[in-house]
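Shown next: start_36.tsv, given as TSV, C-alpha atoms.
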chain	number	residue	atom	x	y	z
A	1	MET	CA	8.52	-4.36	38.55
A	2	ILE	CA	8.16	-1.39	36.19
A	3	ARG	CA	9.85	-3.35	33.41
A	4	ILE	CA	7.51	-6.29	33.90
A	5	LEU	CA	4.46	-4.00	33.88
A	6	SER	CA	5.66	-2.25	30.72
A	7	PHE	CA	6.26	-5.59	29.01
A	8	CYS	CA	2.75	-6.78	29.93
A	9	LEU	CA	1.20	-3.58	28.59
A	10	LEU	CA	3.15	-4.00	25.36
A	11	ILE	CA	1.90	-7.56	24.92
A	12	ILE	CA	-1.70	-6.49	25.61
A	13	SER	CA	-1.38	-3.62	23.12
A	14	GLN	CA	0.03	-5.87	20.39
A	15	SER	CA	-2.68	-8.44	21.06
A	16	ALA	CA	-5.42	-5.82	20.68
A	17	VAL	CA	-3.97	-4.56	17.40
A	18	GLY	CA	-3.67	-8.14	16.15
A	19	GLN	CA	-7.38	-8.86	16.57
A	20	THR	CA	-8.38	-7.00	13.41
A	21	LEU	CA	-10.28	-8.83	10.66
A	22	LEU	CA	-9.61	-7.44	7.18
A	23	VAL	CA	-12.20	-7.91	4.45
A	24	LEU	CA	-10.57	-7.74	1.02
A	25	GLY	CA	-13.22	-7.73	-1.66
A	26	ASP	CA	-15.02	-5.99	-4.49
A	27	SER	CA	-18.44	-4.35	-4.85
A	28	LEU	CA	-20.17	-7.32	-3.19
A	29	SER	CA	-18.48	-6.27	0.06
A	30	ALA	CA	-17.85	-2.57	-0.52
A	31	GLY	CA	-21.45	-1.48	-0.03
A	32	TYR	CA	-22.13	-0.69	-3.69
A	33	GLN	CA	-24.38	2.39	-4.09
A	34	MET	CA	-25.09	2.59	-0.36
A	35	ALA	CA	-23.61	4.19	2.74
A	36	ILE	CA	-20.62	2.17	3.95
A	37	GLU	CA	-22.31	1.85	7.35
A	38	LYS	CA	-25.00	-0.29	5.70
A	39	SER	CA	-22.55	-2.75	4.10
A	40	TRP	CA	-22.34	-6.22	5.59
A	41	PRO	CA	-18.74	-5.80	6.91
A	42	SER	CA	-19.87	-2.76	8.91
A	43	LEU	CA	-22.85	-4.71	10.28
A	44	LEU	CA	-20.61	-7.70	11.00
A	45	GLU	CA	-18.20	-5.76	13.22
A	46	PRO	CA	-20.43	-5.38	16.31
A	47	GLN	CA	-21.45	-9.02	16.03
A	48	LEU	CA	-17.86	-10.29	16.07
A	49	VAL	CA	-16.69	-7.73	18.62
A	50	GLY	CA	-19.54	-8.82	20.87
A	51	GLN	CA	-18.17	-12.36	20.80
A	52	GLY	CA	-14.94	-11.07	22.34
A	53	THR	CA	-12.45	-12.27	19.73
A	54	VAL	CA	-12.33	-9.65	17.00
A	55	THR	CA	-11.71	-6.05	18.10
A	56	LYS	CA	-12.18	-4.40	14.69
A	57	VAL	CA	-13.40	-5.18	11.16
A	58	VAL	CA	-11.66	-3.24	8.39
A	59	ASN	CA	-13.53	-3.16	5.09
A	60	ALA	CA	-10.81	-2.73	2.45
A	61	SER	CA	-13.14	-3.68	-0.41
A	62	ILE	CA	-13.36	-1.52	-3.53
A	63	SER	CA	-16.06	-1.76	-6.19
A	64	GLY	CA	-14.66	-3.01	-9.47
A	65	ASP	CA	-11.53	-4.48	-7.94
A	66	THR	CA	-9.95	-7.52	-9.53
A	67	SER	CA	-7.64	-9.97	-7.81
A	68	GLY	CA	-4.72	-8.17	-9.47
A	69	ASN	CA	-5.83	-4.75	-8.22
A	70	SER	CA	-6.14	-6.07	-4.69
A	71	LEU	CA	-2.76	-7.75	-4.93
A	72	ASP	CA	-1.22	-4.33	-5.56
A	73	ARG	CA	-3.01	-2.88	-2.52
A	74	LEU	CA	-2.53	-5.73	-0.06
A	75	PRO	CA	1.04	-5.10	1.21
A	76	ALA	CA	0.16	-1.59	2.39
A	77	LEU	CA	-3.08	-2.84	3.99
A	78	LEU	CA	-1.25	-5.56	5.89
A	79	GLU	CA	1.34	-3.10	7.12
A	80	GLN	CA	-1.26	-0.54	8.16
A	81	HIS	CA	-3.77	-2.81	9.90
A	82	ALA	CA	-1.71	-5.87	10.95
A	83	PRO	CA	-4.82	-8.10	10.76
A	84	ALA	CA	-5.11	-11.39	12.56
A	85	TRP	CA	-7.53	-12.62	9.89
A	86	VAL	CA	-8.07	-11.80	6.22
A	87	VAL	CA	-11.30	-12.68	4.40
A	88	ILE	CA	-10.76	-12.73	0.63
A	89	GLU	CA	-13.88	-12.12	-1.48
A	90	LEU	CA	-12.44	-11.61	-4.94
A	91	GLY	CA	-12.54	-12.94	-8.47
A	92	ALA	CA	-16.01	-11.96	-9.70
A	93	ASN	CA	-14.72	-9.05	-11.78
A	94	ASP	CA	-11.89	-11.22	-13.12
A	95	GLY	CA	-14.39	-13.84	-14.22
A	96	LEU	CA	-16.87	-11.38	-15.70
A	97	ARG	CA	-14.04	-9.95	-17.80
A	98	GLY	CA	-12.94	-13.39	-18.95
A	99	PHE	CA	-9.49	-13.33	-17.35
A	100	PRO	CA	-7.62	-16.65	-17.68
A	101	PRO	CA	-8.43	-18.95	-14.74
A	102	LYS	CA	-4.71	-19.70	-14.40
A	103	LYS	CA	-3.98	-16.00	-13.78
A	104	ILE	CA	-6.87	-15.64	-11.32
A	105	ARG	CA	-5.60	-18.66	-9.38
A	106	GLU	CA	-2.08	-17.23	-9.41
A	107	ASN	CA	-3.27	-13.89	-8.00
A	108	LEU	CA	-5.42	-15.50	-5.32
A	109	THR	CA	-2.49	-17.72	-4.32
A	110	LYS	CA	-0.29	-14.66	-3.91
A	111	LEU	CA	-2.98	-12.87	-1.88
A	112	ILE	CA	-3.24	-15.86	0.45
A	113	THR	CA	0.53	-16.27	0.75
A	114	LEU	CA	1.19	-12.59	1.47
A	115	SER	CA	-1.50	-12.59	4.15
A	116	GLN	CA	-0.13	-15.72	5.78
A	117	GLU	CA	3.43	-14.41	5.69
A	118	SER	CA	2.22	-11.35	7.61
A	119	GLY	CA	0.94	-13.66	10.34
A	120	ALA	CA	-2.76	-13.53	9.40
A	121	LYS	CA	-5.08	-16.49	9.05
A	122	VAL	CA	-6.94	-16.50	5.74
A	123	MET	CA	-10.52	-17.38	4.80
A	124	LEU	CA	-11.43	-17.61	1.12
A	125	MET	CA	-14.92	-17.08	-0.22
A	126	GLN	CA	-16.23	-19.23	-3.03
A	127	ILE	CA	-17.18	-17.06	-6.01
A	128	GLN	CA	-19.46	-18.07	-8.86
A	129	ILE	CA	-20.18	-16.29	-12.12
A	130	PRO	CA	-22.80	-16.54	-14.90
A	131	PRO	CA	-21.83	-18.80	-17.82
A	132	ASN	CA	-21.12	-15.79	-20.08
A	133	TYR	CA	-18.03	-17.46	-21.53
A	134	GLY	CA	-19.43	-20.96	-21.66
A	135	GLN	CA	-19.79	-23.77	-19.15
A	136	ARG	CA	-16.18	-24.87	-19.53
A	137	TYR	CA	-14.86	-21.49	-18.44
A	138	SER	CA	-17.40	-21.22	-15.59
A	139	ASN	CA	-16.44	-24.66	-14.27
A	140	ALA	CA	-12.72	-23.87	-14.46
A	141	PHE	CA	-13.34	-20.62	-12.60
A	142	THR	CA	-15.52	-22.17	-9.90
A	143	ASP	CA	-13.02	-24.99	-9.29
A	144	ILE	CA	-10.25	-22.52	-8.40
A	145	TYR	CA	-11.67	-21.91	-4.93
A	146	PRO	CA	-12.10	-25.42	-3.46
A	147	GLU	CA	-8.78	-26.41	-5.01
A	148	LEU	CA	-6.95	-23.51	-3.34
A	149	SER	CA	-8.77	-24.15	-0.07
A	150	LYS	CA	-7.57	-27.74	-0.05
A	151	GLU	CA	-4.08	-27.02	-1.36
A	152	MET	CA	-3.37	-24.16	1.05
A	153	GLN	CA	-5.38	-25.61	3.93
A	154	ILE	CA	-7.60	-22.58	4.49
A	155	PRO	CA	-11.36	-22.39	5.17
A	156	LEU	CA	-13.68	-21.96	2.20
A	157	ILE	CA	-16.73	-19.78	2.91
A	158	PRO	CA	-19.84	-20.44	0.77
A	159	PHE	CA	-20.94	-17.78	-1.69
A	160	PHE	CA	-23.60	-15.63	0.01
A	161	MET	CA	-25.01	-14.44	-3.32
A	162	GLU	CA	-26.76	-17.75	-3.96
A	163	LYS	CA	-29.39	-16.93	-1.31
A	164	VAL	CA	-29.48	-13.22	-2.17
A	165	VAL	CA	-30.19	-13.82	-5.86
A	166	MET	CA	-33.05	-16.18	-5.04
A	167	THR	CA	-34.75	-13.81	-2.58
A	168	GLU	CA	-37.30	-11.42	-4.09
A	169	GLY	CA	-36.49	-7.76	-3.62
A	170	TRP	CA	-32.88	-8.27	-2.50
A	171	MET	CA	-31.14	-7.55	-5.80
A	172	MET	CA	-30.52	-4.21	-7.50
A	173	GLN	CA	-31.90	-3.67	-10.99
A	174	ASP	CA	-28.51	-4.47	-12.51
A	175	GLY	CA	-28.95	-8.07	-11.38
A	176	LEU	CA	-25.42	-8.14	-9.96
A	177	HIS	CA	-25.45	-6.38	-6.60
A	178	PRO	CA	-27.39	-6.89	-3.36
A	179	LYS	CA	-29.51	-4.07	-1.97
A	180	ALA	CA	-29.13	-2.60	1.50
A	181	ILE	CA	-32.07	-4.73	2.65
A	182	ALA	CA	-29.96	-7.86	2.08
A	183	GLN	CA	-26.94	-6.67	4.07
A	184	PRO	CA	-28.13	-7.71	7.57
A	185	TRP	CA	-28.75	-11.26	6.34
A	186	ILE	CA	-25.32	-11.34	4.66
A	187	ALA	CA	-23.71	-10.14	7.91
A	188	ASP	CA	-25.44	-12.95	9.83
A	189	PHE	CA	-24.40	-15.46	7.17
A	190	MET	CA	-20.78	-14.31	7.34
A	191	GLN	CA	-20.75	-14.38	11.13
A	192	GLU	CA	-21.99	-17.96	11.06
A	193	HIS	CA	-19.20	-19.07	8.73
A	194	ILE	CA	-16.39	-16.87	10.05
A	195	THR	CA	-16.83	-17.52	13.78
A	196	PRO	CA	-15.72	-21.20	13.73
A	197	ASN	CA	-12.46	-20.11	12.08
A	198	LEU	CA	-11.50	-17.41	14.58
Write the structure described by the file as structure tokens, please.
Amino acid sequence: MIRILSFCLLIISQSAVGQTLLVLGDSLSAGYQMAIEKSWPSLLEPQLVGQGTVTKVVNASISGDTSGNSLDRLPALLEQHAPAWVVIELGANDGLRGFPPKKIRENLTKLITLSQESGAKVMLMQIQIPPNYGQRYSNAFTDIYPELSKEMQIPLIPFFMEKVVMTEGWMMQDGLHPKAIAQPWIADFMQEHITPNL
């Protein structure tokens, strides 16, 4: 009886640990120039926890991160947090720096594969960039995301910045980052698109 009880407790414990959602992103998710508690992943946590599926949201986003930077960090994050889900919001800094689309796709593919090999389910966010390097580059960059979503059979989450950019007073003066006032809406947006994939 004691052995059975211990086994059940072990399974429950592992299940609880496995209900973590890891957000792997850049400044759009890191809470750029604001308290981390005001960032959308922090606001998202009580919403998802309240639904009874996710037990914790870990915001592993770092401002300025590229897909390559995050690829270096991911193995340790997977080992530490053992997430059940990984949301990848990366590529904007790669695109703004003009990195080759082929390399960006390669890095994102590795991020997805490593996450899946750890047992996590992956959601990929569509990223869009200004046509700084011409329309051809922008199109090649944008196409990476739906192509990977289809190829690797993972959900593609729409880019929340489309609404943020168009809403007066929601963008910082740099024209790149959302203000704290936009974070609650982003959290609601992400909940809407993440929940069906949990």
Which of A:Val87, A:Met123, A:Ala60, A:Leu156 sits closest to Ile36 (chain A) [using all atoms listed in the file]: A:Ala60
Report the closest atom pair, with its distance in Å rounded to one decimal, for each residue of region 88-153 of chain A that has an atom no farther than 9 Å from region 158-173 of chain A; count all atoms listed in the file, sort by chain and then rising residue number, and write it as JSON lines.
{"residue": "A:Leu124", "atom": "CA", "partner": "A:Pro158", "partner_atom": "CA", "distance": 8.9}
{"residue": "A:Met125", "atom": "CA", "partner": "A:Pro158", "partner_atom": "CA", "distance": 6.0}
{"residue": "A:Gln126", "atom": "CA", "partner": "A:Phe159", "partner_atom": "CA", "distance": 5.1}
{"residue": "A:Ile127", "atom": "CA", "partner": "A:Phe159", "partner_atom": "CA", "distance": 5.8}
{"residue": "A:Gln128", "atom": "CA", "partner": "A:Phe159", "partner_atom": "CA", "distance": 7.3}
Distance criterion (all atoms listed in the file): nearest to Asn93 (chain A) out of A:Asn132, A:Thr113, A:Ser42, A:Ser27: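 Ranked by minimum distance to Asn93 (chain A), first place goes to A:Ser27.
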CA of Leu176 (chain A) to CA of Gly98 (chain A), distance in Å rounded to a single decimal: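 Straight-line distance from CA of Leu176 (chain A) to CA of Gly98 (chain A) works out to 16.3 Å.
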Contacts of Gln47 (chain A) within 10 Å, only C-alpha atoms, excl. fewer than 3 positions in-chain, as an mmCIF file with C-alpha atoms, keeping the file's coordinate frame:
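Ended up saving to part_38.cif:
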data_model
loop_
_atom_site.group_PDB
_atom_site.id
_atom_site.type_symbol
_atom_site.label_atom_id
_atom_site.label_comp_id
_atom_site.auth_asym_id
_atom_site.auth_seq_id
_atom_site.Cartn_x
_atom_site.Cartn_y
_atom_site.Cartn_z
ATOM 1 C CA SER A 42 -19.870 -2.760 8.910
ATOM 2 C CA LEU A 43 -22.850 -4.710 10.280
ATOM 3 C CA LEU A 44 -20.610 -7.700 11.000
ATOM 4 C CA GLY A 50 -19.540 -8.820 20.870
ATOM 5 C CA GLN A 51 -18.170 -12.360 20.800
ATOM 6 C CA GLY A 52 -14.940 -11.070 22.340
ATOM 7 C CA VAL A 54 -12.330 -9.650 17.000
ATOM 8 C CA ALA A 187 -23.710 -10.140 7.910
ATOM 9 C CA ASP A 188 -25.440 -12.950 9.830
ATOM 10 C CA GLN A 191 -20.750 -14.380 11.130
ATOM 11 C CA THR A 195 -16.830 -17.520 13.780
#
Between CA of Met190 (chain A) and CA of Trp40 (chain A), distance in Å (one decimal):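 Atom-to-atom, CA of Met190 (chain A) and CA of Trp40 (chain A) are spaced 8.4 Å apart.
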Nearest to Ile154 (chain A), chosen from A:Lys110, A:Lys121, A:Ala182, A:Pro75, with all atoms listed in the file counted in the distances: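 Counting all atoms listed in the file, the residue closest to Ile154 (chain A) is A:Lys121.
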Minimum-distance residue to Glu192 (chain A), chosen among A:Gln33, A:Arg136, A:Val23, A:Leu48 (using all atoms listed in the file):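 Ranked by minimum distance to Glu192 (chain A), first place goes to A:Leu48.
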Interatomic distance (Å, one decimal) between CA of Gln116 (chain A) and CA of His81 (chain A):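 Distance between the two atoms: 14.0 Å.
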Minimum-distance residue to Val57 (chain A), chosen among A:Ala82, A:Leu71, A:Met152, A:Ala92 (using all atoms listed in the file):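 Checking each candidate against Val57 (chain A), we get A:Ala82 as the closest.
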Neighbour list for Asn139 (chain A) as JSON, numbers by chain, cut-off 10 Å, only C-alpha atoms, skip fewer than 5 positions in-chain: {"A": [101, 128, 129, 131, 134, 144]}
Distance criterion (all atoms listed in the file): nearest to Ile157 (chain A) out of A:Tyr133, A:Phe189, A:Phe99, A:Trp85: A:Phe189
